[in-house]
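Trainee: Below is the file protein22.pdb, which contains PDB, C-alpha atoms.
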ATOM      1  CA  MET A   1      -8.979  -2.388 -19.800
ATOM      2  CA  ASN A   2      -5.443  -2.531 -18.444
ATOM      3  CA  GLU A   3      -4.246  -6.134 -18.283
ATOM      4  CA  ARG A   4      -2.782  -5.623 -14.824
ATOM      5  CA  VAL A   5      -5.099  -4.810 -11.956
ATOM      6  CA  ALA A   6      -5.041  -5.503  -8.216
ATOM      7  CA  LEU A   7      -7.382  -5.263  -5.242
ATOM      8  CA  TYR A   8      -6.687  -3.419  -1.968
ATOM      9  CA  LEU A   9      -8.457  -4.424   1.232
ATOM     10  CA  GLN A  10      -8.316  -2.566   4.512
ATOM     11  CA  ASP A  11     -10.669  -3.002   7.478
ATOM     12  CA  ALA A  12     -14.035  -1.910   6.068
ATOM     13  CA  HIS A  13     -15.225  -5.473   5.459
ATOM     14  CA  ASP A  14     -15.716  -8.567   7.562
ATOM     15  CA  LEU A  15     -12.535 -10.590   7.180
ATOM     16  CA  ARG A  16     -14.413 -13.679   5.997
ATOM     17  CA  ASP A  17     -16.107 -11.563   3.329
ATOM     18  CA  GLY A  18     -12.601 -10.502   2.296
ATOM     19  CA  LEU A  19     -11.743 -14.126   1.522
ATOM     20  CA  GLU A  20     -14.673 -14.251  -0.884
ATOM     21  CA  TYR A  21     -13.655 -10.952  -2.541
ATOM     22  CA  VAL A  22     -10.111 -12.220  -3.079
ATOM     23  CA  ARG A  23     -11.312 -15.503  -4.602
ATOM     24  CA  TYR A  24     -13.641 -13.539  -6.878
ATOM     25  CA  ALA A  25     -10.844 -11.143  -7.889
ATOM     26  CA  GLU A  26      -8.635 -14.116  -8.770
ATOM     27  CA  GLU A  27     -11.459 -15.561 -10.888
ATOM     28  CA  LYS A  28     -11.795 -12.214 -12.715
ATOM     29  CA  GLY A  29      -8.099 -12.016 -13.611
ATOM     30  CA  PHE A  30      -6.767  -9.681 -10.906
ATOM     31  CA  GLU A  31      -3.028 -10.234 -10.442
ATOM     32  CA  ALA A  32      -2.731  -9.350  -6.757
ATOM     33  CA  VAL A  33      -4.465  -8.475  -3.520
ATOM     34  CA  TRP A  34      -2.783  -6.068  -1.110
ATOM     35  CA  GLN A  35      -3.805  -5.934   2.555
ATOM     36  CA  ALA A  36      -3.449  -2.652   4.405
ATOM     37  CA  GLU A  37      -1.860  -2.154   7.790
ATOM     38  CA  SER A  38      -1.943   1.481   8.831
ATOM     39  CA  ARG A  39      -4.127   2.517  11.731
ATOM     40  CA  LEU A  40      -4.350   0.430  14.895
ATOM     41  CA  VAL A  41      -6.988  -1.873  13.520
ATOM     42  CA  ARG A  42      -6.423  -4.902  11.264
ATOM     43  CA  ASP A  43      -2.882  -6.182  10.870
ATOM     44  CA  ALA A  44      -1.745  -7.300   7.416
ATOM     45  CA  ILE A  45      -0.167 -10.683   8.100
ATOM     46  CA  VAL A  46      -3.185 -12.649   9.355
ATOM     47  CA  PRO A  47      -5.403 -11.671   6.374
ATOM     48  CA  MET A  48      -2.519 -12.300   3.951
ATOM     49  CA  ALA A  49      -2.200 -15.867   5.242
ATOM     50  CA  ALA A  50      -5.940 -16.356   4.907
ATOM     51  CA  TYR A  51      -5.986 -14.996   1.336
ATOM     52  CA  ALA A  52      -3.019 -17.167   0.384
ATOM     53  CA  ALA A  53      -4.689 -20.268   1.804
ATOM     54  CA  VAL A  54      -7.904 -19.924  -0.212
ATOM     55  CA  THR A  55      -6.377 -19.006  -3.602
ATOM     56  CA  GLU A  56      -4.110 -20.628  -6.193
ATOM     57  CA  LYS A  57      -2.648 -17.938  -8.459
ATOM     58  CA  ILE A  58      -3.186 -14.403  -7.171
ATOM     59  CA  ASN A  59      -0.221 -12.619  -5.582
ATOM     60  CA  VAL A  60      -0.630 -11.519  -1.964
ATOM     61  CA  GLY A  61       1.089  -8.369  -0.711
ATOM     62  CA  SER A  62       1.319  -6.294   2.446
ATOM     63  CA  GLY A  63       0.180  -2.808   1.527
ATOM     64  CA  VAL A  64       2.091  -1.762   3.634
ATOM     65  CA  ILE A  65       3.529  -2.893   6.950
ATOM     66  CA  ASN A  66       6.016  -0.601   8.708
ATOM     67  CA  ASN A  67       9.724  -1.188   9.269
ATOM     68  CA  TRP A  68       9.744  -0.225  12.962
ATOM     69  CA  THR A  69       7.604  -2.627  14.944
ATOM     70  CA  ARG A  70       8.748  -6.073  13.804
ATOM     71  CA  ASN A  71      12.248  -7.244  14.656
ATOM     72  CA  ILE A  72      14.183  -8.049  11.481
ATOM     73  CA  GLY A  73      14.426 -11.747  12.394
ATOM     74  CA  LEU A  74      10.671 -11.971  12.931
ATOM     75  CA  LEU A  75      10.028 -10.009   9.724
ATOM     76  CA  ALA A  76      12.117 -12.458   7.683
ATOM     77  CA  SER A  77      10.612 -15.568   9.287
ATOM     78  CA  THR A  78       7.093 -14.160   8.759
ATOM     79  CA  PHE A  79       7.627 -13.784   5.009
ATOM     80  CA  LEU A  80       9.378 -17.163   4.831
ATOM     81  CA  THR A  81       6.243 -18.648   6.401
ATOM     82  CA  LEU A  82       3.909 -16.854   3.991
ATOM     83  CA  ASP A  83       6.031 -18.115   1.092
ATOM     84  CA  ASP A  84       5.666 -21.644   2.502
ATOM     85  CA  LEU A  85       1.913 -21.146   2.207
ATOM     86  CA  ALA A  86       1.940 -19.577  -1.276
ATOM     87  CA  LYS A  87       5.227 -20.194  -3.051
ATOM     88  CA  ASP A  88       6.402 -17.295  -5.265
ATOM     89  CA  ARG A  89       3.149 -15.360  -4.666
ATOM     90  CA  ILE A  90       4.106 -13.217  -1.666
ATOM     91  CA  ILE A  91       5.101  -9.536  -1.816
ATOM     92  CA  CYS A  92       6.521  -7.641   1.139
ATOM     93  CA  GLY A  93       5.250  -4.082   0.911
ATOM     94  CA  ILE A  94       6.918  -1.994   3.604
ATOM     95  CA  GLY A  95       6.758   1.681   4.535
ATOM     96  CA  ALA A  96       8.189   4.202   6.978
ATOM     97  CA  TRP A  97       4.890   4.652   8.903
ATOM     98  CA  TRP A  98       3.660   8.083   9.953
ATOM     99  CA  ASP A  99       3.222  10.412  12.877
ATOM    100  CA  PRO A 100       1.393  11.069  15.111
ATOM    101  CA  LEU A 101       0.537   7.347  15.243
ATOM    102  CA  ALA A 102       4.136   6.098  15.483
ATOM    103  CA  LYS A 103       4.967   8.651  18.168
ATOM    104  CA  ASN A 104       1.825   7.753  20.096
ATOM    105  CA  VAL A 105       2.941   4.131  20.413
ATOM    106  CA  GLY A 106       6.481   5.073  21.458
ATOM    107  CA  ILE A 107       8.303   4.881  18.108
ATOM    108  CA  ASP A 108      10.783   7.644  17.298
ATOM    109  CA  ARG A 109      11.018   7.671  13.516
ATOM    110  CA  ASP A 110      14.514   9.113  13.517
ATOM    111  CA  LYS A 111      16.455   8.806  10.236
ATOM    112  CA  PRO A 112      13.685   6.967   8.337
ATOM    113  CA  LEU A 113      15.830   6.563   5.209
ATOM    114  CA  THR A 114      18.677   4.874   7.075
ATOM    115  CA  ALA A 115      16.260   2.642   8.956
ATOM    116  CA  MET A 116      14.531   1.573   5.739
ATOM    117  CA  LYS A 117      17.791   0.915   3.907
ATOM    118  CA  GLU A 118      19.064  -1.321   6.718
ATOM    119  CA  THR A 119      15.763  -3.203   6.972
ATOM    120  CA  VAL A 120      15.583  -3.944   3.245
ATOM    121  CA  GLU A 121      19.232  -4.978   2.978
ATOM    122  CA  VAL A 122      19.104  -7.439   5.860
ATOM    123  CA  LEU A 123      15.651  -8.764   4.924
ATOM    124  CA  LYS A 124      16.835  -9.511   1.386
ATOM    125  CA  ARG A 125      19.909 -11.311   2.669
ATOM    126  CA  LEU A 126      17.947 -13.411   5.146
ATOM    127  CA  LEU A 127      15.351 -14.400   2.533
ATOM    128  CA  SER A 128      18.286 -15.372   0.275
ATOM    129  CA  MET A 129      19.089 -17.848   3.078
ATOM    130  CA  GLU A 130      22.365 -16.139   3.942
ATOM    131  CA  ARG A 131      23.922 -16.216   7.394
ATOM    132  CA  VAL A 132      23.983 -12.530   8.330
ATOM    133  CA  THR A 133      26.002 -10.365  10.681
ATOM    134  CA  PHE A 134      25.084  -6.703  10.398
ATOM    135  CA  HIS A 135      25.584  -3.775  12.747
ATOM    136  CA  GLY A 136      23.872  -0.611  11.577
ATOM    137  CA  GLU A 137      22.214   2.243  13.408
ATOM    138  CA  PHE A 138      18.887   0.415  13.655
ATOM    139  CA  VAL A 139      19.472  -3.224  12.731
ATOM    140  CA  HIS A 140      21.882  -5.326  14.795
ATOM    141  CA  VAL A 141      22.221  -9.048  14.110
ATOM    142  CA  ASP A 142      24.981 -11.550  14.875
ATOM    143  CA  GLY A 143      25.303 -14.664  12.742
ATOM    144  CA  ILE A 144      21.583 -15.241  12.201
ATOM    145  CA  GLU A 145      19.908 -17.178   9.437
ATOM    146  CA  LEU A 146      16.526 -18.642   8.586
ATOM    147  CA  ASP A 147      17.455 -22.073   9.892
ATOM    148  CA  VAL A 148      14.975 -24.238   8.023
ATOM    149  CA  VAL A 149      15.248 -27.880   9.079
ATOM    150  CA  HIS A 150      11.914 -29.144   7.760
ATOM    151  CA  GLY A 151      10.913 -27.789   4.378
ATOM    152  CA  ARG A 152      12.380 -25.801   1.510
ATOM    153  CA  THR A 153      15.876 -24.484   2.132
ATOM    154  CA  GLU A 154      16.335 -22.635  -1.168
ATOM    155  CA  PRO A 155      16.325 -18.812  -1.383
ATOM    156  CA  ARG A 156      12.809 -17.356  -1.295
ATOM    157  CA  ASN A 157      11.319 -15.380  -4.147
ATOM    158  CA  VAL A 158       9.694 -12.598  -2.090
ATOM    159  CA  SER A 159       9.664  -9.207  -3.800
ATOM    160  CA  ILE A 160      10.191  -6.129  -1.633
ATOM    161  CA  PHE A 161       8.196  -3.008  -2.477
ATOM    162  CA  ILE A 162       8.522   0.251  -0.555
ATOM    163  CA  GLY A 163       5.433   2.341   0.102
ATOM    164  CA  ALA A 164       7.131   5.674  -0.547
ATOM    165  CA  THR A 165       5.480   9.100  -0.560
ATOM    166  CA  GLY A 166       8.214  11.724  -0.085
ATOM    167  CA  PRO A 167      10.907  12.393  -2.728
ATOM    168  CA  LYS A 168      13.879  11.093  -0.694
ATOM    169  CA  MET A 169      12.185   7.795   0.116
ATOM    170  CA  MET A 170      11.163   7.552  -3.540
ATOM    171  CA  GLU A 171      14.803   7.937  -4.600
ATOM    172  CA  LEU A 172      15.892   5.263  -2.107
ATOM    173  CA  THR A 173      13.188   2.955  -3.468
ATOM    174  CA  GLY A 174      14.590   3.320  -6.972
ATOM    175  CA  GLU A 175      17.967   2.331  -5.581
ATOM    176  CA  ILE A 176      17.162  -0.698  -3.405
ATOM    177  CA  ALA A 177      13.634  -2.097  -3.920
ATOM    178  CA  ASP A 178      11.943  -4.341  -6.475
ATOM    179  CA  GLY A 179       9.152  -1.825  -6.769
ATOM    180  CA  VAL A 180       7.274   1.073  -5.255
ATOM    181  CA  VAL A 181       3.723   1.166  -3.942
ATOM    182  CA  LEU A 182       2.669   4.630  -5.080
ATOM    183  CA  ASN A 183       0.298   6.291  -2.647
ATOM    184  CA  TYR A 184      -3.382   7.084  -2.981
ATOM    185  CA  CYS A 185      -5.297  10.341  -2.542
ATOM    186  CA  VAL A 186      -2.903  12.087  -4.919
ATOM    187  CA  PRO A 187      -3.620  13.520  -8.374
ATOM    188  CA  PRO A 188      -2.186  11.564 -11.349
ATOM    189  CA  GLU A 189       0.300  14.419 -11.945
ATOM    190  CA  TYR A 190       1.873  13.703  -8.528
ATOM    191  CA  ASN A 191       3.526  10.740 -10.216
ATOM    192  CA  HIS A 192       5.754  12.956 -12.390
ATOM    193  CA  GLN A 193       8.079  13.970  -9.547
ATOM    194  CA  ALA A 194       7.818  10.509  -7.993
ATOM    195  CA  LEU A 195       8.991   8.835 -11.206
ATOM    196  CA  ASP A 196      11.820  11.361 -11.596
ATOM    197  CA  MET A 197      13.080  10.440  -8.120
ATOM    198  CA  LEU A 198      12.792   6.730  -8.889
ATOM    199  CA  ARG A 199      14.926   7.281 -11.985
ATOM    200  CA  ILE A 200      17.595   9.073  -9.944
ATOM    201  CA  GLY A 201      17.694   6.223  -7.437
ATOM    202  CA  ALA A 202      17.804   3.571 -10.148
ATOM    203  CA  LYS A 203      20.703   5.313 -11.858
ATOM    204  CA  LYS A 204      22.696   5.356  -8.596
ATOM    205  CA  ALA A 205      22.362   1.570  -8.445
ATOM    206  CA  ASN A 206      23.055   1.074 -12.177
ATOM    207  CA  ARG A 207      19.502  -0.149 -12.721
ATOM    208  CA  THR A 208      17.041   0.860 -15.396
ATOM    209  CA  PHE A 209      13.781   2.609 -14.611
ATOM    210  CA  ASP A 210      11.852  -0.326 -16.092
ATOM    211  CA  ASP A 211      13.406  -2.615 -13.453
ATOM    212  CA  ILE A 212      11.148  -0.940 -10.893
ATOM    213  CA  ASP A 213       7.518  -2.011 -10.796
ATOM    214  CA  ARG A 214       5.135   0.860  -9.967
ATOM    215  CA  PRO A 215       1.713  -0.317  -8.750
ATOM    216  CA  GLN A 216      -0.419   2.475  -7.284
ATOM    217  CA  LEU A 217      -3.118   2.566  -4.660
ATOM    218  CA  ILE A 218      -6.222   4.298  -6.024
ATOM    219  CA  VAL A 219      -9.315   5.085  -4.000
ATOM    220  CA  CYS A 220     -12.204   3.794  -6.084
ATOM    221  CA  SER A 221     -15.905   4.254  -5.407
ATOM    222  CA  VAL A 222     -18.092   2.740  -8.133
ATOM    223  CA  ASP A 223     -21.857   3.159  -8.228
ATOM    224  CA  GLU A 224     -24.377   3.599 -11.022
ATOM    225  CA  ASP A 225     -25.535   6.574  -8.925
ATOM    226  CA  HIS A 226     -22.770   9.152  -9.456
ATOM    227  CA  ASP A 227     -23.678  11.287  -6.429
ATOM    228  CA  ARG A 228     -23.777   8.316  -4.067
ATOM    229  CA  ALA A 229     -20.309   7.216  -5.185
ATOM    230  CA  ILE A 230     -18.933  10.721  -4.627
ATOM    231  CA  ASP A 231     -20.460  11.057  -1.157
ATOM    232  CA  THR A 232     -18.972   7.745  -0.028
ATOM    233  CA  THR A 233     -15.506   8.914  -1.054
ATOM    234  CA  ARG A 234     -16.016  12.254   0.666
ATOM    235  CA  GLU A 235     -16.307  10.484   4.045
ATOM    236  CA  LEU A 236     -13.058   8.570   3.501
ATOM    237  CA  LEU A 237     -11.142  11.698   2.445
ATOM    238  CA  THR A 238     -12.423  13.581   5.474
ATOM    239  CA  GLN A 239     -10.753  11.030   7.730
ATOM    240  CA  TYR A 240      -7.530  10.652   5.743
ATOM    241  CA  LEU A 241      -6.866  14.356   5.292
ATOM    242  CA  ALA A 242      -7.220  14.917   9.033
ATOM    243  CA  GLN A 243      -5.235  11.959  10.318
ATOM    244  CA  GLN A 244      -2.515  11.188   7.763
ATOM    245  CA  PRO A 245      -0.589  14.432   7.156
ATOM    246  CA  HIS A 246       1.803  12.903   4.597
ATOM    247  CA  ILE A 247      -1.177  12.030   2.403
ATOM    248  CA  ALA A 248      -2.755  15.466   2.931
ATOM    249  CA  LYS A 249       0.503  17.095   1.826
ATOM    250  CA  ALA A 250       0.882  14.916  -1.266
ATOM    251  CA  SER A 251      -2.777  15.411  -2.261
ATOM    252  CA  GLY A 252      -2.214  19.124  -2.830
ATOM    253  CA  VAL A 253      -5.274  20.083  -0.775
ATOM    254  CA  SER A 254      -5.069  23.473   0.953
ATOM    255  CA  MET A 255      -3.818  23.368   4.548
ATOM    256  CA  ASP A 256      -6.727  25.629   5.520
ATOM    257  CA  VAL A 257      -9.143  22.852   4.614
ATOM    258  CA  VAL A 258      -7.013  20.266   6.450
ATOM    259  CA  GLU A 259      -6.878  22.401   9.611
ATOM    260  CA  LYS A 260     -10.653  22.963   9.588
ATOM    261  CA  ILE A 261     -11.250  19.221   9.300
ATOM    262  CA  GLN A 262      -8.692  18.510  12.036
ATOM    263  CA  SER A 263     -10.466  20.964  14.353
ATOM    264  CA  ILE A 264     -13.620  18.823  14.119
ATOM    265  CA  LEU A 265     -12.191  15.289  14.088
ATOM    266  CA  GLY A 266     -10.792  13.645  17.198
ATOM    267  CA  TRP A 267      -8.596  10.538  17.383
ATOM    268  CA  PRO A 268      -9.943   8.103  16.534
ATOM    269  CA  ALA A 269     -12.542   9.950  14.505
ATOM    270  CA  THR A 270     -16.175   9.133  15.236
ATOM    271  CA  HIS A 271     -18.834   8.637  12.585
ATOM    272  CA  GLU A 272     -20.571  11.773  13.853
ATOM    273  CA  GLU A 273     -17.416  13.893  13.522
ATOM    274  CA  ILE A 274     -16.842  12.683   9.964
ATOM    275  CA  GLN A 275     -20.434  13.547   9.032
ATOM    276  CA  LYS A 276     -19.993  16.996  10.557
ATOM    277  CA  ALA A 277     -16.762  17.751   8.672
ATOM    278  CA  LYS A 278     -17.293  16.047   5.305
ATOM    279  CA  HIS A 279     -18.886  19.116   3.682
ATOM    280  CA  LEU A 280     -15.407  20.700   3.807
ATOM    281  CA  VAL A 281     -14.130  18.269   1.134
ATOM    282  CA  PRO A 282     -15.030  19.801  -2.270
ATOM    283  CA  ASP A 283     -16.277  17.754  -5.245
ATOM    284  CA  ASP A 284     -13.420  18.862  -7.472
ATOM    285  CA  LEU A 285     -10.875  17.441  -4.997
ATOM    286  CA  ILE A 286     -12.700  14.089  -4.977
ATOM    287  CA  HIS A 287     -12.548  13.955  -8.794
ATOM    288  CA  GLN A 288      -8.910  15.067  -8.792
ATOM    289  CA  ILE A 289      -7.465  12.481  -6.383
ATOM    290  CA  THR A 290      -9.803   9.448  -6.565
ATOM    291  CA  ALA A 291     -11.563   7.272  -9.143
ATOM    292  CA  SER A 292     -15.143   7.869  -8.029
ATOM    293  CA  GLY A 293     -18.431   7.829  -9.887
ATOM    294  CA  THR A 294     -20.114   5.569 -12.407
ATOM    295  CA  PRO A 295     -18.188   2.549 -13.785
ATOM    296  CA  ASP A 296     -17.226   4.504 -16.912
ATOM    297  CA  GLU A 297     -16.035   7.496 -14.859
ATOM    298  CA  ALA A 298     -13.979   5.270 -12.549
ATOM    299  CA  ARG A 299     -12.339   3.436 -15.468
ATOM    300  CA  ALA A 300     -11.456   6.731 -17.154
ATOM    301  CA  LYS A 301      -9.803   8.092 -13.997
ATOM    302  CA  VAL A 302      -7.798   4.910 -13.406
ATOM    303  CA  LYS A 303      -6.562   5.211 -17.008
ATOM    304  CA  GLU A 304      -5.154   8.651 -16.096
ATOM    305  CA  TYR A 305      -2.966   7.077 -13.401
ATOM    306  CA  ILE A 306      -1.770   4.424 -15.863
ATOM    307  CA  ASN A 307      -0.966   7.150 -18.396
ATOM    308  CA  ASN A 308       1.108   8.842 -15.690
ATOM    309  CA  GLY A 309       3.362   5.877 -14.951
ATOM    310  CA  CYS A 310       1.348   3.507 -12.758
ATOM    311  CA  THR A 311       2.037  -0.061 -13.946
ATOM    312  CA  CYS A 312      -0.780  -1.741 -12.020
ATOM    313  CA  PRO A 313      -3.726   0.018 -10.344
ATOM    314  CA  ILE A 314      -4.385  -1.287  -6.814
ATOM    315  CA  LEU A 315      -8.051  -0.474  -6.331
ATOM    316  CA  TYR A 316      -9.304   0.437  -2.876
ATOM    317  CA  PRO A 317     -13.065  -0.208  -2.865
ATOM    318  CA  VAL A 318     -14.861   2.459  -0.867
ATOM    319  CA  GLY A 319     -18.467   1.704  -0.012
ATOM    320  CA  GLY A 320     -20.877  -0.082  -2.297
ATOM    321  CA  ASP A 321     -20.551  -3.623  -3.581
ATOM    322  CA  VAL A 322     -16.937  -4.783  -3.869
ATOM    323  CA  LYS A 323     -17.909  -7.324  -6.527
ATOM    324  CA  VAL A 324     -19.279  -4.491  -8.681
ATOM    325  CA  LEU A 325     -15.856  -2.845  -8.537
ATOM    326  CA  ILE A 326     -14.160  -6.146  -9.416
ATOM    327  CA  ASP A 327     -16.543  -6.646 -12.348
ATOM    328  CA  THR A 328     -15.912  -3.064 -13.507
ATOM    329  CA  PHE A 329     -12.182  -3.744 -13.836
ATOM    330  CA  ALA A 330     -12.261  -7.485 -14.635
ATOM    331  CA  VAL A 331      -9.549  -8.667 -17.000
ATOM    332  CA  LYS A 332     -11.455 -11.831 -17.915
TER     333      LYS A 332
END
Could you take the file, read its structure, and then write that structure out as structure tokens?

Mentor:
Amino acid sequence: MNERVALYLQDAHDLRDGLEYVRYAEEKGFEAVWQAESRLVRDAIVPMAAYAAVTEKINVGSGVINNWTRNIGLLASTFLTLDDLAKDRIICGIGAWWDPLAKNVGIDRDKPLTAMKETVEVLKRLLSMERVTFHGEFVHVDGIELDVVHGRTEPRNVSIFIGATGPKMMELTGEIADGVVLNYCVPPEYNHQALDMLRIGAKKANRTFDDIDRPQLIVCSVDEDHDRAIDTTRELLTQYLAQQPHIAKASGVSMDVVEKIQSILGWPATHEEIQKAKHLVPDDLIHQITASGTPDEARAKVKEYINNGCTCPILYPVGGDVKVLIDTFAVK
């Protein structure tokens, strides 16, 4: 099995159970755990702190927070604090968020590339313990610094990864970030254009392609019962295709299917609505854009993503026993 593997946790599990999963993943050789923050449910920072506190070696990343809702000073001090808890183990995964959710909470995602570029530049400088004055279109700071009085005053080793989906954000990621968090619910072949855009961005910054780490979220439903694994994934895809249009677009699924699902699902989607619409998600789509099925089938699909440029699969356990998934992909 691939020597690099990571775990992705969202909100499907009790948070205290999540602590146990992360400890178990560390024991089985997983290199990182990434905590989601997407819908208005579980934030990423509180679980990240909890995971960091109960582990010794595993890296802990945000997978991903957005660059709109936390002031840049707060963002920097948050990751300074996490690094205090788990030195050199913290990853800041950050993304441009998505509509309609952003719009519904009053955020106008105007010029997302400019906003991301400013956020990453100033965040890097603050975590390098610089005193920063910066006046951009979105970020405005005057002579601020992380003014540590008690504790470590050296620059912090916090990697910044951008959760990019579209080609322009992918190019920017190649230019300014330590890595990309490649999205889930896409076929392995999606990576070809993504990697091309990363190369273009890297070249602009006189970097090499190999300088950019490329972990990838992968929906993974593992069960000895093939059909049960597939049906669990079908429910997740029903919700994602209706509510996250950027993922629906990248998945390559027909817009007719998306619109039919959207006509049934409300916001937030109820369990009953998902059950009513899930028959619209075909089996071949599930096999194309997720690693679902028996352990052998799931491992084979994850290998396809690795063969298409993913450096570290970030496995999103859907349904079933999370420890079975961890055992399926254990490195040791």

Trainee: Exactly which residues make up the result of the PyMOL selection byres ((chain A and resi 290) around 8) on this file, given as a PDB file with C-alpha atoms, keeping the file's coordinate frame?

Mentor:
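Done, and the output landed in out_3.pdb:
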ATOM      1  CA  TYR A 184      -3.382   7.084  -2.981  1.00  0.00           C
ATOM      2  CA  CYS A 185      -5.297  10.341  -2.542  1.00  0.00           C
ATOM      3  CA  VAL A 186      -2.903  12.087  -4.919  1.00  0.00           C
ATOM      4  CA  PRO A 187      -3.620  13.520  -8.374  1.00  0.00           C
ATOM      5  CA  ILE A 218      -6.222   4.298  -6.024  1.00  0.00           C
ATOM      6  CA  VAL A 219      -9.315   5.085  -4.000  1.00  0.00           C
ATOM      7  CA  CYS A 220     -12.204   3.794  -6.084  1.00  0.00           C
ATOM      8  CA  THR A 233     -15.506   8.914  -1.054  1.00  0.00           C
ATOM      9  CA  ILE A 286     -12.700  14.089  -4.977  1.00  0.00           C
ATOM     10  CA  HIS A 287     -12.548  13.955  -8.794  1.00  0.00           C
ATOM     11  CA  GLN A 288      -8.910  15.067  -8.792  1.00  0.00           C
ATOM     12  CA  ILE A 289      -7.465  12.481  -6.383  1.00  0.00           C
ATOM     13  CA  ALA A 291     -11.563   7.272  -9.143  1.00  0.00           C
ATOM     14  CA  SER A 292     -15.143   7.869  -8.029  1.00  0.00           C
ATOM     15  CA  LYS A 301      -9.803   8.092 -13.997  1.00  0.00           C
TER      16      LYS A 301
END

Trainee: Which residues, named as in the file, does the PyMOL selection byres ((chain A and resi 149-165) around 8) pick out? Answer as an NGL selection string.

Mentor: :A and (63-64 or 79-80 or 83-84 or 87-96 or 120 or 127-129 or 147-148 or 166-167 or 169-170 or 173 or 177-183 or 194 or 246-247 or 250)

Trainee: Counting all atoms listed in the file, figure out which residue out of A:Ala248, A:Val281, A:Val22, A:Val141 gets nearest to Glu235 of chain A.

Mentor: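 When distances to Glu235 of chain A are compared using all atoms listed in the file, the smallest one comes from A:Val281.
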
Trainee: Considering only C-alpha atoms, can you say which of A:Leu15, A:Ile212, A:Leu241, A:Val331 comes closest to Ala50 of chain A?

Mentor: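 Between A:Leu15, A:Ile212, A:Leu241, A:Val331, the residue approaching Ala50 of chain A most closely is A:Leu15.
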
Trainee: Applied to this file, what does the PyMOL selection byres ((chain A and resi 305-312) around 8) return in terms of residues, put as a ChimeraX atom specification?

Mentor: /A:2,4-6,182,188-189,191-192,195,213-216,301-304,313-314

Trainee: Quick one: of A:Leu265, A:Met48, A:Val222, A:Ile230, who's nearest to Ile326 of chain A, counting all atoms listed in the file?

Mentor: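 Nearest candidate to Ile326 of chain A out of A:Leu265, A:Met48, A:Val222, A:Ile230: A:Val222.
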
Trainee: In Å, with one decimal, what is the gap from atom CA of Glu297 of chain A to atom CA of His226 of chain A?

Mentor: 8.8 Å

Trainee: So what do you get for atom CA of Glu37 of chain A versus atom CA of Met197 of chain A, distance-wise?

Mentor: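 Atom CA of Glu37 of chain A sits 25.2 Å away from atom CA of Met197 of chain A.
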
Trainee: With all atoms listed in the file as the basis for distance, which of A:Leu237, A:Leu146, A:Val60, A:Leu9 is at the shortest distance from Ala277 of chain A?

Mentor: A:Leu237

Trainee: Go ahead and compute the interatomic distance for atom CA of Leu82 of chain A and atom CA of Leu19 of chain A, in Å to one decimal.

Mentor: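 Interatomic distance here is 16.1 Å.
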
Trainee: For His135 of chain A, please output as a PDB file with C-alpha atoms, in the coordinates of the input all residues within 12 Å (counting only C-alpha atoms; exclusion window: fewer than 6 positions along the same chain).

Mentor:
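File produced: out.pdb:
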ATOM      1  CA  ALA A 115      16.260   2.642   8.956  1.00  0.00           C
ATOM      2  CA  GLU A 118      19.064  -1.321   6.718  1.00  0.00           C
ATOM      3  CA  THR A 119      15.763  -3.203   6.972  1.00  0.00           C
ATOM      4  CA  GLU A 121      19.232  -4.978   2.978  1.00  0.00           C
ATOM      5  CA  VAL A 122      19.104  -7.439   5.860  1.00  0.00           C
ATOM      6  CA  VAL A 141      22.221  -9.048  14.110  1.00  0.00           C
ATOM      7  CA  ASP A 142      24.981 -11.550  14.875  1.00  0.00           C
ATOM      8  CA  GLY A 143      25.303 -14.664  12.742  1.00  0.00           C
TER       9      GLY A 143
END

Trainee: Select, from A:Arg23, A:Arg39, A:Arg70, A:His271, the residue with the minimum atom-to-atom distance to Glu56 of chain A, counting only C-alpha atoms.

Mentor: A:Arg23

Trainee: For N, CA and C atoms, please extract segment 11-18 of chain A from the block and return it as a PDB file, in the first residue's frame.

Mentor:
ATOM      1  N   ASP A  11     -18.404  15.605  10.102  1.00  0.00           N
ATOM      2  CA  ASP A  11     -19.306  15.754  11.245  1.00  0.00           C
ATOM      3  C   ASP A  11     -20.170  14.516  11.465  1.00  0.00           C
ATOM      4  N   ALA A  12     -19.834  13.412  10.781  1.00  0.00           N
ATOM      5  CA  ALA A  12     -20.688  12.227  10.839  1.00  0.00           C
ATOM      6  C   ALA A  12     -20.493  11.423  12.122  1.00  0.00           C
ATOM      7  N   HIS A  13     -19.470  11.760  12.897  1.00  0.00           N
ATOM      8  CA  HIS A  13     -19.166  10.979  14.096  1.00  0.00           C
ATOM      9  C   HIS A  13     -19.179  11.863  15.336  1.00  0.00           C
ATOM     10  N   ASP A  14     -19.497  11.267  16.460  1.00  0.00           N
ATOM     11  CA  ASP A  14     -19.356  11.965  17.733  1.00  0.00           C
ATOM     12  C   ASP A  14     -17.908  12.449  17.854  1.00  0.00           C
ATOM     13  N   LEU A  15     -17.735  13.656  18.319  1.00  0.00           N
ATOM     14  CA  LEU A  15     -16.389  14.242  18.341  1.00  0.00           C
ATOM     15  C   LEU A  15     -15.441  13.430  19.230  1.00  0.00           C
ATOM     16  N   ARG A  16     -15.951  12.899  20.323  1.00  0.00           N
ATOM     17  CA  ARG A  16     -15.076  12.090  21.191  1.00  0.00           C
ATOM     18  C   ARG A  16     -14.685  10.780  20.506  1.00  0.00           C
ATOM     19  N   ASP A  17     -15.575  10.237  19.682  1.00  0.00           N
ATOM     20  CA  ASP A  17     -15.198   9.064  18.890  1.00  0.00           C
ATOM     21  C   ASP A  17     -14.086   9.429  17.916  1.00  0.00           C
ATOM     22  N   GLY A  18     -14.154  10.656  17.386  1.00  0.00           N
ATOM     23  CA  GLY A  18     -13.120  11.134  16.464  1.00  0.00           C
ATOM     24  C   GLY A  18     -11.737  11.109  17.087  1.00  0.00           C
TER      25      GLY A  18
END
